[in-house]
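**Student:** Here it is, the structure, as structure tokens.
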Amino acid sequence: MGISEEKTTEVTKIKVLTTLLLLMIFVGLLTASWLFMSWLTKPGNFPFKKVELVNQLENQKSKELQRMTANVMNGGFFSLNVDQLRADLLAKLPWVKSVSVRKVWPDKLLLKIIEHKPVARWLSVEKNSDLNETQLLSQNGIVFNPVLTDKQERQFAQMTLLTGTNSNAEKVLTNCVQINKKLKQLGLAVKQCGMNERRSWKLKLSLNNDLDLKLGKEKIIQKLERFINVFSGQLKQYLSSVESVDLRYSNGFSVKWIPAASITGPLTNSLDNSLHNKALTKKSRKQE
């Protein structure tokens, strides 16, 4: 074997050894990194010492929040899955609309929770709904179902009751807000508003008595304006004697009087004639 061949063989050996050495170093570093990350993300290491809520809550009970975050204190700074915690809080705390979770080195967790703002009580008309279930509707048209304290029960019992299907909750809220604004012209407050199981709109108004308005399925705002136009003048004084008004006609409505109402004789005839002339001319067949 010549000198050149010996040199070639030696160079080859060196290259192989170098490659093996680099491979061993790489595997060693990889193993060390894996062991380090396993140690780093072990729940018992770098535990949280404080979970801090950065804003005040009005309705969400602190005990429920503490129970939800109790496991966080047993975890570690690097082991905590922030996205999972956020999802759990949204899923298990009905009052929570949105939540921000931020870790602060070395041992603090900051939570910022935005609550739903209830604007009405909600009753679902869907067949599979529990009519006795307490539900609320947020200002964004979101139906949520919190467990209420006695104080909250009394507080929210005064809210307007809206009805409909959960999928149409935002539409119901938008329409009922518009309806309520228009009825203020007559000094009426909406006590109940929404759709029934047949998607027909119905209102219950609060005056001296509960006044029912049936609006049907279409052109509900136009029908409401027809009612307002008739009763905004001289006939306004007789509203307290009305039991219900059926506006499900194309160009008129019918009135049902309270049986005990003291509207008799010539006054009744005069009132009926006024209603007929202003609203029931050419009364058409119900279409809804």
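Here's how to read the names in the structure tokens: chain A, B, ... by the order shown, residue numbers from 1 in each chain, ligand numbers from 1 in the order shown.
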Mind checking DSSP for region 90-253 of chain A and telling me the strand (DSSP E or B) residues as an mmCIF file with C-alpha atoms, in the first residue's frame?

**Tutor:**
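To be explicit, this is the file written out as states-v1.cif:
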data_model
loop_
_atom_site.group_PDB
_atom_site.id
_atom_site.type_symbol
_atom_site.label_atom_id
_atom_site.label_comp_id
_atom_site.auth_asym_id
_atom_site.auth_seq_id
_atom_site.Cartn_x
_atom_site.Cartn_y
_atom_site.Cartn_z
ATOM 1 C CA VAL A 96 -68.065 35.522 31.163
ATOM 2 C CA LYS A 97 -68.254 37.132 27.718
ATOM 3 C CA SER A 98 -64.501 37.266 27.077
ATOM 4 C CA VAL A 99 -61.338 36.634 29.060
ATOM 5 C CA SER A 100 -57.707 37.619 28.678
ATOM 6 C CA VAL A 101 -55.007 35.491 30.352
ATOM 7 C CA ARG A 102 -51.417 36.724 30.770
ATOM 8 C CA LYS A 103 -48.468 35.165 32.570
ATOM 9 C CA VAL A 104 -46.054 37.486 34.386
ATOM 10 C CA LYS A 108 -48.100 35.641 38.625
ATOM 11 C CA LEU A 109 -51.145 35.078 36.427
ATOM 12 C CA LEU A 110 -53.276 38.056 35.357
ATOM 13 C CA LEU A 111 -56.926 37.631 34.345
ATOM 14 C CA LYS A 112 -59.103 40.246 32.703
ATOM 15 C CA ILE A 113 -62.733 39.158 32.451
ATOM 16 C CA ILE A 114 -65.482 40.975 30.567
ATOM 17 C CA GLU A 115 -68.987 40.021 31.695
ATOM 18 C CA PRO A 118 -77.959 41.666 30.734
ATOM 19 C CA VAL A 119 -80.626 43.932 29.257
ATOM 20 C CA ALA A 120 -83.656 41.604 29.379
ATOM 21 C CA ARG A 121 -84.955 38.281 30.571
ATOM 22 C CA TRP A 122 -85.259 35.646 27.870
ATOM 23 C CA LEU A 123 -87.773 32.880 27.255
ATOM 24 C CA SER A 124 -87.094 30.438 24.432
ATOM 25 C CA LEU A 136 -80.904 36.325 30.313
ATOM 26 C CA LEU A 137 -80.203 38.245 27.130
ATOM 27 C CA SER A 138 -77.084 40.381 26.803
ATOM 28 C CA VAL A 143 -78.609 34.203 25.417
ATOM 29 C CA PHE A 144 -76.855 32.979 28.562
ATOM 30 C CA LEU A 161 -89.227 39.588 29.062
ATOM 31 C CA LEU A 162 -88.246 38.867 25.447
ATOM 32 C CA THR A 163 -89.331 35.707 23.650
ATOM 33 C CA GLY A 164 -88.235 33.854 20.532
ATOM 34 C CA ALA A 189 -93.701 50.535 28.612
ATOM 35 C CA VAL A 190 -93.008 47.158 27.033
ATOM 36 C CA LYS A 191 -93.465 44.377 29.577
ATOM 37 C CA GLN A 192 -93.099 41.480 27.144
ATOM 38 C CA CYS A 193 -91.980 41.468 23.521
ATOM 39 C CA GLY A 194 -91.092 38.897 20.926
ATOM 40 C CA MET A 195 -92.188 36.010 18.749
ATOM 41 C CA TRP A 201 -94.980 38.925 17.028
ATOM 42 C CA LYS A 202 -96.859 39.792 20.213
ATOM 43 C CA LEU A 203 -96.415 42.522 22.816
ATOM 44 C CA LYS A 204 -97.621 42.963 26.376
ATOM 45 C CA LEU A 205 -97.631 46.588 27.429
ATOM 46 C CA SER A 206 -97.790 47.964 30.947
ATOM 47 C CA ASP A 210 -101.610 44.647 30.776
ATOM 48 C CA LEU A 211 -102.439 45.535 27.185
ATOM 49 C CA ASP A 212 -101.801 42.854 24.534
ATOM 50 C CA LEU A 213 -100.809 43.765 20.969
ATOM 51 C CA LYS A 214 -100.789 41.166 18.195
ATOM 52 C CA LEU A 215 -98.612 42.247 15.276
ATOM 53 C CA GLY A 216 -98.341 39.123 13.128
ATOM 54 C CA VAL A 242 -108.348 48.337 26.191
ATOM 55 C CA GLU A 243 -107.623 44.675 26.848
ATOM 56 C CA SER A 244 -106.032 43.775 23.504
ATOM 57 C CA VAL A 245 -105.492 45.092 19.996
ATOM 58 C CA ASP A 246 -105.219 42.826 16.975
#

**Student:** Please list as a PyMOL selection string every residue within 12 Å of Gln222 (chain A), counting only C-alpha atoms and excluding residues in the same chain fewer than 5 positions away.

**Tutor:** chain A and resi 178-179+182+215-217+227-229+247-252

**Student:** Residues at most 10 Å from Thr69 (chain A), counting only C-alpha atoms, excluding those fewer than 3 positions away in the same chain, as a list in words?

**Tutor:**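 That gives Val51, Lys63, Glu64, Leu65, Gln66, Val72, Met73, Asn74, Leu85, Asp88, Leu89 and Leu109 of chain A.
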
**Student:** Atoms to include: C-alpha atoms. Write the selected residues as a JSON list (two decimals), in the first residue's frame.

**Tutor:**
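Dumped everything to selection38.json:
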[["chain", "number", "residue", "atom", "x", "y", "z"],
["A", 51, "VAL", "CA", -53.74, 34.74, 40.40],
["A", 63, "LYS", "CA", -66.03, 31.62, 44.54],
["A", 64, "GLU", "CA", -66.73, 30.06, 41.15],
["A", 65, "LEU", "CA", -63.76, 31.87, 39.65],
["A", 66, "GLN", "CA", -61.49, 30.78, 42.50],
["A", 72, "VAL", "CA", -53.57, 26.82, 38.18],
["A", 73, "MET", "CA", -51.87, 27.26, 41.54],
["A", 74, "ASN", "CA", -50.85, 23.61, 41.42],
["A", 85, "LEU", "CA", -57.67, 27.94, 30.63],
["A", 88, "ASP", "CA", -62.55, 26.54, 30.28],
["A", 89, "LEU", "CA", -63.48, 29.90, 31.79],
["A", 109, "LEU", "CA", -51.14, 35.08, 36.43]]

**Student:** Return the single residue from A:Asn140, A:Ser240, A:Asn59, A:Ser200 that is closest to Glu153 (chain A), with distances computed using only C-alpha atoms.

**Tutor:**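 Comparing A:Asn140, A:Ser240, A:Asn59, A:Ser200 against Glu153 (chain A), the winner is A:Asn59.
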
**Student:** I'd like to know which of A:Leu224, A:Leu188, A:Leu239, A:Ile142 is closest to Thr174 (chain A), using only C-alpha atoms.

**Tutor:**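 Checking each of A:Leu224, A:Leu188, A:Leu239, A:Ile142 against Thr174 (chain A), counting only C-alpha atoms, the winner is A:Ile142.
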
**Student:** Could you pull out all residues of region 125-170 of chain A with a DSSP call of helix (DSSP H, G or I) and give them as a PyMOL selection string?

**Tutor:** chain A and resi 150-156+166-170

**Student:** Within 8 Å of Phe46 (chain A), counting only C-alpha atoms, which residues qualify if same-chain residues fewer than 4 places away don't, as JSON, numbers by chain?

**Tutor:** {"A": [40, 76, 77, 78, 106, 107]}

**Student:** For Leu148 (chain A), please output as a list in words all residues within 10 Å (counting only C-alpha atoms; exclusion window: fewer than 6 positions along the same chain).

**Tutor:**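 So the residues in contact are Asn59, Gln60, Lys61, Thr134, Gln135, Arg154, Gln155 and Phe156 of chain A.
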
**Student:** Write out the residues from the selection above, keeping N, CA and C atoms, as a PDB file, in the first residue's frame.

**Tutor:**
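Wrote it out as part06.pdb, contents follow:
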ATOM      1  N   ASN A  59     -71.305  40.645  38.479  1.00  0.00           N
ATOM      2  CA  ASN A  59     -72.247  39.543  38.685  1.00  0.00           C
ATOM      3  C   ASN A  59     -71.589  38.173  38.866  1.00  0.00           C
ATOM      4  N   GLN A  60     -70.434  37.960  38.260  1.00  0.00           N
ATOM      5  CA  GLN A  60     -69.779  36.671  38.388  1.00  0.00           C
ATOM      6  C   GLN A  60     -69.296  36.465  39.821  1.00  0.00           C
ATOM      7  N   LYS A  61     -69.737  35.366  40.430  1.00  0.00           N
ATOM      8  CA  LYS A  61     -69.360  35.102  41.818  1.00  0.00           C
ATOM      9  C   LYS A  61     -67.884  34.705  41.904  1.00  0.00           C
ATOM     10  N   THR A 134     -84.157  29.843  34.000  1.00  0.00           N
ATOM     11  CA  THR A 134     -83.824  31.260  34.055  1.00  0.00           C
ATOM     12  C   THR A 134     -82.771  31.573  33.002  1.00  0.00           C
ATOM     13  N   GLN A 135     -83.102  32.462  32.095  1.00  0.00           N
ATOM     14  CA  GLN A 135     -82.158  32.863  31.067  1.00  0.00           C
ATOM     15  C   GLN A 135     -82.153  34.382  30.964  1.00  0.00           C
ATOM     16  N   ARG A 154     -84.246  38.981  42.183  1.00  0.00           N
ATOM     17  CA  ARG A 154     -85.117  40.135  42.404  1.00  0.00           C
ATOM     18  C   ARG A 154     -84.770  41.276  41.449  1.00  0.00           C
ATOM     19  N   GLN A 155     -83.486  41.459  41.225  1.00  0.00           N
ATOM     20  CA  GLN A 155     -83.039  42.551  40.362  1.00  0.00           C
ATOM     21  C   GLN A 155     -83.491  42.354  38.919  1.00  0.00           C
ATOM     22  N   PHE A 156     -83.285  41.155  38.390  1.00  0.00           N
ATOM     23  CA  PHE A 156     -83.586  40.913  36.986  1.00  0.00           C
ATOM     24  C   PHE A 156     -85.059  40.611  36.723  1.00  0.00           C
TER      25      PHE A 156
END

**Student:** In Å to one decimal, how far is CA of Glu126 (chain A) from CA of Glu170 (chain A)?

**Tutor:**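 If I compute the distance from CA of Glu170 (chain A) to CA of Glu126 (chain A), I get 15.6 Å.
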
**Student:** Which value, in Å to one decimal, gives the distance between CA of Asn175 (chain A) and CA of Ser254 (chain A)?

**Tutor:**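 These two atoms are separated by 22.8 Å.
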
**Student:** Do you have the CA of Lys256 (chain A)-CA of Ala157 (chain A) distance handy?

**Tutor:** 28.5 Å
